[in-house]
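Peer 1: Let me begin by handing over the structure; questions about it come next.
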Amino acid sequence: MRSQIMIKACSAAAFIAALLISLSGCAQKPAPDNVVWQQQLNLPSVKYSAEVAERLWLNIEEISFDWLDQSRDRVVPALLFKPARQQKAKALIVFSHGLGGSKERYAYLGQYWASQGYASLHLQHDGSDRKVWRGSRLTLAFRLRDAAGTTEALARVQDVKFALDQILASDHAADFDNQNIVMAGHSYGANTSMLLSGAQVEQNGSLVSLKDDRIKAAILISAPPFYNDQPLDKVLADVNIPTLHITTTEDEIRVPGYYSSPQDRYELYNAMASSYKVLAVFSSGSHNIFSGWRGGKDTKPQQQVIKAATQALSSAFIEQVTTDNSRAISLWAQQHQAVLSKFIPQT
């Protein structure tokens, strides 16, 4: 079976071509400078994000789980964020972290979604979580290789299926609308999300689906593509649920032995067979800016704006797919135009 996330370097010409595409599809917009990012701190989405963080204890409940999948002898830790005061959540989002992450790493998303009336279950994948960073730096590349290999890629999918079974069989199932389940993830977690949404893996020369029909939409942040012997559009041909793609013009993935260029995010979006899909590309920002870390060139205002904008856009997307109300997404695009290189809502 070859579902390993292999990452290729694209040509300089393809990368430059991607950067020449603007918000409207014409000339490339100049990247916003520090003054623009500072001004964006006054956006309603950024101010509201700060207010949510200040009032967490009033509006949000957090519950930890330490599940054990006995059939695989594998622990599946999880953290549930949900609206406080017994309010029934309008949907459940299941979140899968990136390579070397944890169930707490993307709490800013889970907390925000709970403030918007959604429940969010954040998993921790034992074979590719923060423990990969522990140990000798001399063996780090080998640990990362194993964590990104076929066995772990498929184990992460089973983690999600198991966690969904557990939460839906628990008393907490009454706290959210289980007909509205959205899969979400960053980087490696976005690949996990795509597998559960219908992306196919190769087994004995044939494509096999790991799709979970309980999932009605997917949020893919900085998603690296899959590489095997099949064209990307064929691998993604069965992903027919709505998808939201979020990235930046500087979204490079660099870990020992792997590289993925920003162009890969565009190619994946274009190949996705979703009947409704949205692409948002911020004008700058590193791959890790979505995970709470800042790259060398990322500024604090830039990170604040991008994280808040990601919170708001993902919530608007969930509203769109659960209520068919597109007003929030349209308003988001208008308000954040100054920091967007590209925005495409495709139906």
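Letters A, B, ... mark the chains of the structure tokens in the order given; residue numbers begin at 1 per chain; ligand numbers begin at 1, in order shown.
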Determine which residues of segment 286-341 of chain A receive a DSSP assignment of alpha helix (DSSP H), computed from the backbone, and state them as an MDAnalysis selection string.

Peer 2: chainID A and resid 300:323 327:335

Peer 1: Which neighbours of segment 197-209 of chain A fall inside 12 Å, counting only C-alpha atoms, when residues of the same chain fewer than 4 positions from it are skipped, and could you give them as JSON, numbers by chain?

Peer 2: {"A": [1, 2, 3, 4, 5, 150, 153, 154, 157, 160, 161, 181, 182, 183, 184, 185, 190, 191, 192, 193, 213, 214, 215, 216, 217, 218, 219, 220, 225, 226, 227, 228, 229, 230, 231, 232, 233, 234, 235, 236, 237, 238, 239, 240, 241, 242, 243, 268, 271, 272, 273, 274]}

Peer 1: Now that the selection is made, can you save its residues with C-alpha atoms as a compact mmCIF listing (two decimals), in the first residue's frame?

Peer 2:
```txt
# COMPACT_ATOMS: atom_id res chain seq x y z
CA MET A 1 0.00 0.00 0.00
CA ARG A 2 1.35 3.40 -0.94
CA SER A 3 -0.49 6.20 0.82
CA GLN A 4 2.66 7.85 2.16
CA ILE A 5 2.66 11.60 1.87
CA THR A 150 2.13 4.58 5.35
CA ALA A 153 -0.98 7.74 7.84
CA LEU A 154 -3.53 4.93 7.97
CA VAL A 157 -7.52 7.65 9.86
CA VAL A 160 -10.61 9.51 13.76
CA LYS A 161 -13.06 6.71 13.02
CA ILE A 181 -19.96 16.55 11.19
CA VAL A 182 -17.04 18.44 9.64
CA MET A 183 -13.50 17.08 9.35
CA ALA A 184 -10.63 19.57 9.68
CA GLY A 185 -6.85 19.51 9.89
CA ALA A 190 -5.29 17.96 6.33
CA ASN A 191 -4.10 14.81 4.56
CA THR A 192 -5.83 12.73 7.23
CA SER A 193 -8.96 14.80 6.63
CA ASP A 213 -19.76 8.90 5.21
CA ARG A 214 -20.52 10.57 8.54
CA ILE A 215 -18.34 13.50 7.44
CA LYS A 216 -20.28 16.15 5.50
CA ALA A 217 -17.56 18.76 4.79
CA ALA A 218 -13.82 19.31 5.24
CA ILE A 219 -11.54 22.21 6.21
CA LEU A 220 -8.03 21.75 4.79
CA PRO A 225 -0.72 16.58 -1.75
CA PHE A 226 -0.61 12.80 -1.98
CA TYR A 227 1.87 11.16 -4.27
CA ASN A 228 1.60 7.66 -5.69
CA ASP A 229 1.35 6.25 -9.17
CA GLN A 230 -2.05 7.84 -9.76
CA PRO A 231 -2.82 11.39 -10.98
CA LEU A 232 -3.91 13.72 -8.20
CA ASP A 233 -7.33 14.31 -9.75
CA LYS A 234 -7.91 10.55 -9.78
CA VAL A 235 -6.84 10.19 -6.13
CA LEU A 236 -9.28 12.98 -5.18
CA ALA A 237 -12.09 12.02 -7.57
CA ASP A 238 -14.29 10.68 -4.77
CA VAL A 239 -14.01 13.78 -2.55
CA ASN A 240 -17.45 15.18 -3.36
CA ILE A 241 -18.23 16.95 -0.09
CA PRO A 242 -17.74 20.73 0.33
CA THR A 243 -14.12 21.69 1.07
CA LEU A 268 -4.58 20.14 -4.77
CA ALA A 271 -7.80 18.67 -8.50
CA MET A 272 -10.42 18.43 -5.74
CA ALA A 273 -13.71 17.07 -7.07
CA SER A 274 -15.87 18.86 -4.47
```

Peer 1: In Å, rounded to a single decimal, give me how far atom CA of Phe162 of chain A is from atom CA of Val75 of chain A.

Peer 2: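 Atom-to-atom, atom CA of Val75 of chain A to atom CA of Phe162 of chain A, that is 10.5 Å.
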
Peer 1: Quick one: distance from atom CA of Asp69 of chain A to atom CA of Lys131 of chain A in Å, one decimal?

Peer 2: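 Calculated distance between atom CA of Asp69 of chain A and atom CA of Lys131 of chain A is 19.3 Å.
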
Peer 1: Would you list the contacts of segment 95-111 of chain A as a ChimeraX atom specification, taking every protein, DNA or RNA residue within 7 Å and counting only C-alpha atoms, but skipping same-chain residues closer than 4 positions in sequence?

Peer 2: /A:60,78-79,81,115,120-124,128-133,183-189,291,311

Peer 1: As an exercise, work out the distance from atom CA of Ser261 of chain A to atom CA of His287 of chain A in Å and give it to one decimal place.

Peer 2: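 Atom-to-atom, atom CA of Ser261 of chain A and atom CA of His287 of chain A are spaced 10.1 Å apart.
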
Peer 1: Choose the residue, out of A:Gly296, A:Ser71, A:Phe290, A:Pro224, that has the smallest atom-to-atom separation from Pro262 of chain A; count only C-alpha atoms.

Peer 2: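 So, comparing all the options, the nearest one is A:Pro224.
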
Peer 1: Write out as an mmCIF file with all heavy atoms, in the first residue's frame all residues of segment 28-116 of chain A that DSSP puts in strand (DSSP E or B) for this structure's backbone.

Peer 2:
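Output below, filename states_31.cif:
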```cif
data_model
loop_
_atom_site.group_PDB
_atom_site.id
_atom_site.type_symbol
_atom_site.label_atom_id
_atom_site.label_comp_id
_atom_site.auth_asym_id
_atom_site.auth_seq_id
_atom_site.Cartn_x
_atom_site.Cartn_y
_atom_site.Cartn_z
ATOM 1 N N ILE A 60 -17.217 28.708 27.065
ATOM 2 C CA ILE A 60 -16.686 27.471 26.496
ATOM 3 C C ILE A 60 -16.413 26.438 27.582
ATOM 4 O O ILE A 60 -15.908 26.760 28.655
ATOM 5 C CB ILE A 60 -15.382 27.764 25.722
ATOM 6 C CG1 ILE A 60 -15.670 28.696 24.546
ATOM 7 C CG2 ILE A 60 -14.727 26.485 25.214
ATOM 8 C CD1 ILE A 60 -14.433 29.326 23.962
ATOM 9 N N GLU A 61 -16.729 25.198 27.283
ATOM 10 C CA GLU A 61 -16.420 24.088 28.174
ATOM 11 C C GLU A 61 -15.409 23.179 27.478
ATOM 12 O O GLU A 61 -15.537 22.909 26.281
ATOM 13 C CB GLU A 61 -17.687 23.303 28.508
ATOM 14 C CG GLU A 61 -17.493 22.203 29.524
ATOM 15 C CD GLU A 61 -18.781 21.486 29.883
ATOM 16 O OE1 GLU A 61 -19.851 21.944 29.436
ATOM 17 O OE2 GLU A 61 -18.706 20.477 30.601
ATOM 18 N N GLU A 62 -14.401 22.724 28.204
ATOM 19 C CA GLU A 62 -13.378 21.844 27.646
ATOM 20 C C GLU A 62 -13.357 20.533 28.439
ATOM 21 O O GLU A 62 -13.327 20.543 29.664
ATOM 22 C CB GLU A 62 -12.001 22.503 27.692
ATOM 23 C CG GLU A 62 -11.910 23.808 26.903
ATOM 24 C CD GLU A 62 -10.526 24.433 26.929
ATOM 25 O OE1 GLU A 62 -9.573 23.728 27.351
ATOM 26 O OE2 GLU A 62 -10.384 25.600 26.526
ATOM 27 N N ILE A 63 -13.363 19.413 27.707
ATOM 28 C CA ILE A 63 -13.376 18.090 28.331
ATOM 29 C C ILE A 63 -12.293 17.230 27.693
ATOM 30 O O ILE A 63 -12.216 17.132 26.460
ATOM 31 C CB ILE A 63 -14.747 17.405 28.154
ATOM 32 C CG1 ILE A 63 -15.863 18.286 28.734
ATOM 33 C CG2 ILE A 63 -14.763 16.031 28.808
ATOM 34 C CD1 ILE A 63 -17.258 17.819 28.382
ATOM 35 N N SER A 64 -11.454 16.601 28.519
ATOM 36 C CA SER A 64 -10.375 15.745 28.009
ATOM 37 C C SER A 64 -10.789 14.281 28.049
ATOM 38 O O SER A 64 -11.514 13.840 28.948
ATOM 39 C CB SER A 64 -9.106 15.931 28.845
ATOM 40 O OG SER A 64 -8.547 17.205 28.638
ATOM 41 N N PHE A 65 -10.291 13.523 27.067
ATOM 42 C CA PHE A 65 -10.523 12.082 27.002
ATOM 43 C C PHE A 65 -9.181 11.386 26.813
ATOM 44 O O PHE A 65 -8.306 11.883 26.107
ATOM 45 C CB PHE A 65 -11.444 11.713 25.831
ATOM 46 C CG PHE A 65 -12.788 12.390 25.852
ATOM 47 C CD1 PHE A 65 -13.009 13.520 25.074
ATOM 48 C CD2 PHE A 65 -13.823 11.898 26.635
ATOM 49 C CE1 PHE A 65 -14.241 14.146 25.076
ATOM 50 C CE2 PHE A 65 -15.064 12.527 26.645
ATOM 51 C CZ PHE A 65 -15.274 13.658 25.869
ATOM 52 N N ASP A 66 -9.050 10.228 27.426
ATOM 53 C CA ASP A 66 -7.878 9.380 27.209
ATOM 54 C C ASP A 66 -8.387 8.003 26.795
ATOM 55 O O ASP A 66 -8.374 7.038 27.567
ATOM 56 C CB ASP A 66 -7.024 9.289 28.488
ATOM 57 C CG ASP A 66 -6.285 10.579 28.770
ATOM 58 O OD1 ASP A 66 -5.517 11.015 27.898
ATOM 59 O OD2 ASP A 66 -6.488 11.152 29.857
ATOM 60 N N TRP A 67 -8.841 7.935 25.566
ATOM 61 C CA TRP A 67 -9.409 6.700 25.048
ATOM 62 C C TRP A 67 -8.313 5.692 24.692
ATOM 63 O O TRP A 67 -7.181 6.058 24.365
ATOM 64 C CB TRP A 67 -10.240 6.981 23.804
ATOM 65 C CG TRP A 67 -11.520 7.719 24.064
ATOM 66 C CD1 TRP A 67 -12.405 7.510 25.077
ATOM 67 C CD2 TRP A 67 -12.065 8.786 23.283
ATOM 68 N NE1 TRP A 67 -13.468 8.369 24.968
ATOM 69 C CE2 TRP A 67 -13.294 9.159 23.880
ATOM 70 C CE3 TRP A 67 -11.650 9.453 22.130
ATOM 71 C CZ2 TRP A 67 -14.096 10.176 23.367
ATOM 72 C CZ3 TRP A 67 -12.438 10.463 21.608
ATOM 73 C CH2 TRP A 67 -13.659 10.825 22.227
ATOM 74 N N LEU A 68 -8.669 4.420 24.717
ATOM 75 C CA LEU A 68 -7.792 3.346 24.288
ATOM 76 C C LEU A 68 -8.541 2.484 23.290
ATOM 77 O O LEU A 68 -9.598 1.926 23.609
ATOM 78 C CB LEU A 68 -7.337 2.490 25.477
ATOM 79 C CG LEU A 68 -6.550 1.219 25.120
ATOM 80 C CD1 LEU A 68 -5.208 1.576 24.478
ATOM 81 C CD2 LEU A 68 -6.341 0.333 26.351
ATOM 82 N N ASP A 69 -8.015 2.412 22.083
ATOM 83 C CA ASP A 69 -8.577 1.529 21.070
ATOM 84 C C ASP A 69 -7.974 0.148 21.281
ATOM 85 O O ASP A 69 -6.851 -0.128 20.861
ATOM 86 C CB ASP A 69 -8.253 2.061 19.670
ATOM 87 C CG ASP A 69 -8.920 1.239 18.570
ATOM 88 O OD1 ASP A 69 -9.445 0.142 18.866
ATOM 89 O OD2 ASP A 69 -8.901 1.695 17.406
ATOM 90 N N ARG A 74 -3.892 1.034 20.973
ATOM 91 C CA ARG A 74 -3.390 2.374 20.654
ATOM 92 C C ARG A 74 -4.193 3.411 21.429
ATOM 93 O O ARG A 74 -5.434 3.407 21.397
ATOM 94 C CB ARG A 74 -3.505 2.622 19.150
ATOM 95 C CG ARG A 74 -3.005 3.996 18.682
ATOM 96 C CD ARG A 74 -3.115 4.067 17.164
ATOM 97 N NE ARG A 74 -2.961 5.429 16.644
ATOM 98 C CZ ARG A 74 -1.839 5.913 16.114
ATOM 99 N NH1 ARG A 74 -0.746 5.154 16.065
ATOM 100 N NH2 ARG A 74 -1.796 7.141 15.631
ATOM 101 N N VAL A 75 -3.492 4.320 22.092
ATOM 102 C CA VAL A 75 -4.169 5.384 22.828
ATOM 103 C C VAL A 75 -4.621 6.455 21.841
ATOM 104 O O VAL A 75 -3.950 6.734 20.844
ATOM 105 C CB VAL A 75 -3.254 6.003 23.903
ATOM 106 C CG1 VAL A 75 -2.925 4.989 24.976
ATOM 107 C CG2 VAL A 75 -1.987 6.575 23.280
ATOM 108 N N VAL A 76 -5.773 7.044 22.130
ATOM 109 C CA VAL A 76 -6.306 8.133 21.303
ATOM 110 C C VAL A 76 -6.763 9.251 22.234
ATOM 111 O O VAL A 76 -7.938 9.347 22.582
ATOM 112 C CB VAL A 76 -7.467 7.662 20.405
ATOM 113 C CG1 VAL A 76 -7.924 8.798 19.483
ATOM 114 C CG2 VAL A 76 -7.062 6.443 19.581
ATOM 115 N N PRO A 77 -5.844 10.100 22.691
ATOM 116 C CA PRO A 77 -6.240 11.240 23.527
ATOM 117 C C PRO A 77 -7.059 12.226 22.699
ATOM 118 O O PRO A 77 -6.869 12.358 21.487
ATOM 119 C CB PRO A 77 -4.905 11.851 23.956
ATOM 120 C CG PRO A 77 -3.868 10.811 23.650
ATOM 121 C CD PRO A 77 -4.395 10.054 22.478
ATOM 122 N N ALA A 78 -7.953 12.940 23.372
ATOM 123 C CA ALA A 78 -8.787 13.916 22.662
ATOM 124 C C ALA A 78 -9.199 15.025 23.617
ATOM 125 O O ALA A 78 -9.225 14.856 24.839
ATOM 126 C CB ALA A 78 -10.013 13.251 22.059
ATOM 127 N N LEU A 79 -9.530 16.171 23.040
ATOM 128 C CA LEU A 79 -9.983 17.329 23.808
ATOM 129 C C LEU A 79 -11.218 17.881 23.120
ATOM 130 O O LEU A 79 -11.181 18.215 21.933
ATOM 131 C CB LEU A 79 -8.876 18.378 23.859
ATOM 132 C CG LEU A 79 -9.110 19.644 24.692
ATOM 133 C CD1 LEU A 79 -9.386 19.297 26.150
ATOM 134 C CD2 LEU A 79 -7.890 20.562 24.602
ATOM 135 N N LEU A 80 -12.321 17.952 23.860
ATOM 136 C CA LEU A 80 -13.581 18.432 23.316
ATOM 137 C C LEU A 80 -13.844 19.858 23.768
ATOM 138 O O LEU A 80 -13.803 20.155 24.962
ATOM 139 C CB LEU A 80 -14.738 17.533 23.786
ATOM 140 C CG LEU A 80 -16.150 17.949 23.343
ATOM 141 C CD1 LEU A 80 -16.312 17.806 21.833
ATOM 142 C CD2 LEU A 80 -17.207 17.114 24.079
ATOM 143 N N PHE A 81 -14.070 20.742 22.809
ATOM 144 C CA PHE A 81 -14.512 22.102 23.089
ATOM 145 C C PHE A 81 -15.984 22.192 22.708
ATOM 146 O O PHE A 81 -16.378 21.759 21.619
ATOM 147 C CB PHE A 81 -13.720 23.114 22.240
ATOM 148 C CG PHE A 81 -12.236 23.074 22.451
ATOM 149 C CD1 PHE A 81 -11.428 22.287 21.651
ATOM 150 C CD2 PHE A 81 -11.636 23.825 23.454
ATOM 151 C CE1 PHE A 81 -10.053 22.249 21.823
ATOM 152 C CE2 PHE A 81 -10.266 23.793 23.644
ATOM 153 C CZ PHE A 81 -9.470 23.006 22.830
ATOM 154 N N LYS A 82 -16.793 22.764 23.590
ATOM 155 C CA LYS A 82 -18.205 22.905 23.256
ATOM 156 C C LYS A 82 -18.784 24.136 23.939
ATOM 157 O O LYS A 82 -18.220 24.645 24.921
ATOM 158 C CB LYS A 82 -18.984 21.654 23.650
ATOM 159 C CG LYS A 82 -19.049 21.369 25.142
ATOM 160 C CD LYS A 82 -19.904 20.136 25.406
ATOM 161 C CE LYS A 82 -20.078 19.896 26.896
ATOM 162 N NZ LYS A 82 -20.985 18.766 27.185
ATOM 163 N N PRO A 83 -19.903 24.634 23.411
ATOM 164 C CA PRO A 83 -20.540 25.804 24.043
ATOM 165 C C PRO A 83 -20.920 25.492 25.485
ATOM 166 O O PRO A 83 -21.342 24.371 25.810
ATOM 167 C CB PRO A 83 -21.776 26.040 23.176
ATOM 168 C CG PRO A 83 -21.489 25.360 21.881
ATOM 169 C CD PRO A 83 -20.629 24.183 22.213
ATOM 170 N N ALA A 89 -24.767 22.240 20.416
ATOM 171 C CA ALA A 89 -23.936 22.719 19.321
ATOM 172 C C ALA A 89 -24.594 22.425 17.973
ATOM 173 O O ALA A 89 -25.250 21.396 17.791
ATOM 174 C CB ALA A 89 -22.555 22.074 19.395
ATOM 175 N N LEU A 92 -20.490 19.321 14.778
ATOM 176 C CA LEU A 92 -19.274 18.815 15.421
ATOM 177 C C LEU A 92 -18.152 18.874 14.404
ATOM 178 O O LEU A 92 -18.262 18.347 13.294
ATOM 179 C CB LEU A 92 -19.461 17.366 15.872
ATOM 180 C CG LEU A 92 -18.181 16.685 16.404
ATOM 181 C CD1 LEU A 92 -17.749 17.311 17.731
ATOM 182 C CD2 LEU A 92 -18.394 15.177 16.568
ATOM 183 N N ILE A 93 -17.044 19.530 14.774
ATOM 184 C CA ILE A 93 -15.843 19.528 13.950
ATOM 185 C C ILE A 93 -14.842 18.582 14.602
ATOM 186 O O ILE A 93 -14.610 18.648 15.814
ATOM 187 C CB ILE A 93 -15.223 20.939 13.843
ATOM 188 C CG1 ILE A 93 -16.235 21.944 13.290
ATOM 189 C CG2 ILE A 93 -13.990 20.917 12.971
ATOM 190 C CD1 ILE A 93 -16.775 22.897 14.315
ATOM 191 N N VAL A 94 -14.249 17.687 13.820
ATOM 192 C CA VAL A 94 -13.190 16.802 14.309
ATOM 193 C C VAL A 94 -11.881 17.303 13.721
ATOM 194 O O VAL A 94 -11.752 17.423 12.500
ATOM 195 C CB VAL A 94 -13.440 15.342 13.906
ATOM 196 C CG1 VAL A 94 -12.348 14.445 14.483
ATOM 197 C CG2 VAL A 94 -14.818 14.876 14.383
ATOM 198 N N PHE A 95 -10.909 17.611 14.583
ATOM 199 C CA PHE A 95 -9.660 18.240 14.123
ATOM 200 C C PHE A 95 -8.479 17.309 14.294
ATOM 201 O O PHE A 95 -8.279 16.713 15.356
ATOM 202 C CB PHE A 95 -9.398 19.542 14.879
ATOM 203 C CG PHE A 95 -8.306 20.364 14.265
ATOM 204 C CD1 PHE A 95 -8.595 21.305 13.284
ATOM 205 C CD2 PHE A 95 -6.972 20.184 14.633
ATOM 206 C CE1 PHE A 95 -7.582 22.045 12.678
ATOM 207 C CE2 PHE A 95 -5.962 20.916 14.046
ATOM 208 C CZ PHE A 95 -6.269 21.856 13.064
ATOM 209 N N SER A 96 -7.656 17.218 13.231
ATOM 210 C CA SER A 96 -6.449 16.400 13.218
ATOM 211 C C SER A 96 -5.221 17.313 13.108
ATOM 212 O O SER A 96 -5.121 18.118 12.179
ATOM 213 C CB SER A 96 -6.497 15.436 12.027
ATOM 214 O OG SER A 96 -5.303 14.685 11.912
ATOM 215 N N GLY A 101 2.387 17.644 16.363
ATOM 216 C CA GLY A 101 1.447 18.469 17.120
ATOM 217 C C GLY A 101 0.825 17.736 18.301
ATOM 218 O O GLY A 101 1.327 16.708 18.770
#
```

Peer 1: Skip Ser49 of chain A itself and residues of its chain fewer than 4 positions away, then list as a list in words all residues within 7 Å of it, counting only C-alpha atoms.

Peer 2: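 Contacts, in chain order: Ser45, Ala53 and Ala308 of chain A.
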
Peer 1: Can you tell me, as number ranges by chain, what residues are no more than 12 Å from Glu252 of chain A when counting only C-alpha atoms, ignoring any on the same chain fewer than 3 positions away?

Peer 2: A: 7-10, 15, 187, 222-224, 247-249, 255, 258-265, 284-289, 295
